[in-house]
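Visitor: Before anything else, here's the structure in question.
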Amino acid sequence: MPGRDIIVMGASAGGVETYKELVRNLPERLGASLFLVIHLSWGRSYLPEILSKAGRLSATHATDGESIRYDH
């Protein structure tokens, strides 16, 4: 989709399985940046590790000042 290169989704803690299914079906070259946000009430999030194993794209926690990268 021309001019549309950022995708943002949000979910509660129950959305992990849906996110896994989503990334499992994405191509290695998405041509966009994907931001997946999940609400947790406690503890450390292992979402990047879970999503990196489920799909072809690399997933990490966002850090302040980090550049936006495609296919990530």
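Chains: A, B, ... in order of the structure tokens. Residues: from 1 per chain. Ligands: from 1, in order shown.
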With only C-alpha atoms as the counted atoms, please give the residues lying no more than 9 Å from Asp71 (chain A), apart from itself and same-chain residues fewer than 5 positions off, as a compact mmCIF listing (two decimals) with C-alpha atoms, in the first residue's frame.
Guide:
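Resulting contents of selection-v4.txt:
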# COMPACT_ATOMS: atom_id res chain seq x y z
CA PRO A 27 6.39 -12.34 4.66
CA GLU A 28 10.07 -11.88 5.46
CA ARG A 29 10.03 -8.61 3.49
CA LEU A 30 6.99 -6.79 4.82
CA GLY A 31 8.06 -3.37 3.52
CA ALA A 32 6.73 -1.75 6.68
CA SER A 33 7.43 -1.36 10.38
CA LEU A 34 5.14 -3.32 12.68
CA LEU A 57 10.63 -11.00 11.25
CA SER A 58 12.95 -9.96 14.07
Visitor: Going by DSSP on the backbone, which residues of chain A come out as strand (DSSP E or B)? List them as a list of chain:residue names.
Guide: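 Selection result, strand (DSSP E or B) within chain A: A:Ile6, A:Ile7, A:Val8, A:Met9, A:Gly10, A:Ala11, A:Ser33, A:Leu34, A:Phe35, A:Leu36, A:Val37, A:Ile38.
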Visitor: Can you write out the residues you just picked, keeping N, CA, C and O atoms, as a PDB file, in the first residue's frame?
Guide:
ATOM      1  N   ILE A   6       3.756   1.962   8.222  1.00  0.00           N
ATOM      2  CA  ILE A   6       3.760   1.689   9.658  1.00  0.00           C
ATOM      3  C   ILE A   6       2.434   1.041  10.016  1.00  0.00           C
ATOM      4  O   ILE A   6       1.370   1.539   9.664  1.00  0.00           O
ATOM      5  N   ILE A   7       2.514  -0.087  10.701  1.00  0.00           N
ATOM      6  CA  ILE A   7       1.331  -0.821  11.152  1.00  0.00           C
ATOM      7  C   ILE A   7       1.394  -0.877  12.670  1.00  0.00           C
ATOM      8  O   ILE A   7       2.420  -1.274  13.235  1.00  0.00           O
ATOM      9  N   VAL A   8       0.309  -0.480  13.347  1.00  0.00           N
ATOM     10  CA  VAL A   8       0.261  -0.462  14.809  1.00  0.00           C
ATOM     11  C   VAL A   8      -0.959  -1.242  15.268  1.00  0.00           C
ATOM     12  O   VAL A   8      -2.055  -1.037  14.764  1.00  0.00           O
ATOM     13  N   MET A   9      -0.748  -2.143  16.230  1.00  0.00           N
ATOM     14  CA  MET A   9      -1.848  -2.910  16.822  1.00  0.00           C
ATOM     15  C   MET A   9      -1.662  -2.943  18.335  1.00  0.00           C
ATOM     16  O   MET A   9      -0.538  -2.957  18.823  1.00  0.00           O
ATOM     17  N   GLY A  10      -2.764  -2.993  19.061  1.00  0.00           N
ATOM     18  CA  GLY A  10      -2.722  -3.101  20.506  1.00  0.00           C
ATOM     19  C   GLY A  10      -3.632  -4.207  20.981  1.00  0.00           C
ATOM     20  O   GLY A  10      -4.646  -4.496  20.349  1.00  0.00           O
ATOM     21  N   ALA A  11      -3.273  -4.836  22.095  1.00  0.00           N
ATOM     22  CA  ALA A  11      -4.076  -5.929  22.645  1.00  0.00           C
ATOM     23  C   ALA A  11      -3.825  -6.036  24.142  1.00  0.00           C
ATOM     24  O   ALA A  11      -2.839  -5.526  24.664  1.00  0.00           O
ATOM     25  N   SER A  33       7.053  -1.148   8.981  1.00  0.00           N
ATOM     26  CA  SER A  33       7.427  -1.362  10.380  1.00  0.00           C
ATOM     27  C   SER A  33       6.175  -1.768  11.131  1.00  0.00           C
ATOM     28  O   SER A  33       5.113  -1.163  10.962  1.00  0.00           O
ATOM     29  N   LEU A  34       6.283  -2.789  11.935  1.00  0.00           N
ATOM     30  CA  LEU A  34       5.142  -3.323  12.676  1.00  0.00           C
ATOM     31  C   LEU A  34       5.346  -3.062  14.162  1.00  0.00           C
ATOM     32  O   LEU A  34       6.352  -3.477  14.738  1.00  0.00           O
ATOM     33  N   PHE A  35       4.403  -2.340  14.771  1.00  0.00           N
ATOM     34  CA  PHE A  35       4.451  -2.045  16.196  1.00  0.00           C
ATOM     35  C   PHE A  35       3.317  -2.811  16.872  1.00  0.00           C
ATOM     36  O   PHE A  35       2.150  -2.533  16.616  1.00  0.00           O
ATOM     37  N   LEU A  36       3.654  -3.776  17.694  1.00  0.00           N
ATOM     38  CA  LEU A  36       2.659  -4.548  18.431  1.00  0.00           C
ATOM     39  C   LEU A  36       2.786  -4.204  19.909  1.00  0.00           C
ATOM     40  O   LEU A  36       3.846  -4.384  20.499  1.00  0.00           O
ATOM     41  N   VAL A  37       1.715  -3.710  20.481  1.00  0.00           N
ATOM     42  CA  VAL A  37       1.694  -3.287  21.875  1.00  0.00           C
ATOM     43  C   VAL A  37       0.791  -4.233  22.641  1.00  0.00           C
ATOM     44  O   VAL A  37      -0.277  -4.613  22.161  1.00  0.00           O
ATOM     45  N   ILE A  38       1.221  -4.622  23.822  1.00  0.00           N
ATOM     46  CA  ILE A  38       0.393  -5.521  24.640  1.00  0.00           C
ATOM     47  C   ILE A  38       0.372  -5.007  26.078  1.00  0.00           C
ATOM     48  O   ILE A  38       1.374  -4.529  26.594  1.00  0.00           O
TER      49      ILE A  38
END
Visitor: Report, in Å with one decimal, the straight-line distance from CA of Ala59 (chain A) to CA of Gly15 (chain A).
Guide: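 CA of Gly15 (chain A) lies 16.0 Å from CA of Ala59 (chain A).
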Visitor: For each of A:Leu47, A:Leu26, A:Leu40, A:Ala13, take the minimum atom-to-atom distance to His61 (chain A), counting only C-alpha atoms, then give the residue where this is smallest.
Guide: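 Under the stated criterion, the closest residue is A:Leu47.
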Visitor: Would you mind telling me which residue in A:Asp5, A:Thr63, A:Lys20, A:Arg69 lies nearest to Ile50 (chain A) when using only C-alpha atoms?
Guide: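 The closest residue to Ile50 (chain A) is A:Lys20.
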Visitor: For the alpha helix (DSSP H) assignment from backbone DSSP, which residues of chain A qualify? Please present them as a list in words.
Guide: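 Alpha helix (DSSP H) members of chain A, listed: Val16, Glu17, Thr18, Tyr19, Lys20, Glu21, Leu22, Val23, Arg24, Leu47, Pro48, Glu49, Ile50, Leu51, Ser52, Lys53 and Ala54 of chain A.
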Visitor: For C-alpha atoms, I'd like the residues from the last selection saved as a JSON list (two decimals), in the first residue's frame.
Guide:
[["chain", "number", "residue", "atom", "x", "y", "z"],
["A", 16, "VAL", "CA", -0.36, -13.07, 22.46],
["A", 17, "GLU", "CA", -1.76, -16.06, 20.53],
["A", 18, "THR", "CA", -3.36, -13.75, 17.98],
["A", 19, "TYR", "CA", -0.07, -11.89, 17.54],
["A", 20, "LYS", "CA", 1.74, -15.21, 17.06],
["A", 21, "GLU", "CA", -0.72, -16.20, 14.33],
["A", 22, "LEU", "CA", -0.35, -12.80, 12.69],
["A", 23, "VAL", "CA", 3.46, -12.84, 12.50],
["A", 24, "ARG", "CA", 3.49, -16.50, 11.44],
["A", 47, "LEU", "CA", 6.77, -10.88, 23.60],
["A", 48, "PRO", "CA", 9.78, -10.12, 21.34],
["A", 49, "GLU", "CA", 11.25, -13.57, 21.96],
["A", 50, "ILE", "CA", 7.88, -15.25, 21.38],
["A", 51, "LEU", "CA", 7.20, -13.35, 18.15],
["A", 52, "SER", "CA", 10.73, -13.80, 16.78],
["A", 53, "LYS", "CA", 10.31, -17.57, 17.13],
["A", 54, "ALA", "CA", 6.79, -17.56, 15.66]]
Visitor: Taking only C-alpha atoms into account, which of A:Ile68, A:Ser12, A:Ala62, A:Arg56 comes nearest Asn25 (chain A)?
Guide: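 Ranking A:Ile68, A:Ser12, A:Ala62, A:Arg56 by distance to Asn25 (chain A), first place goes to A:Arg56.
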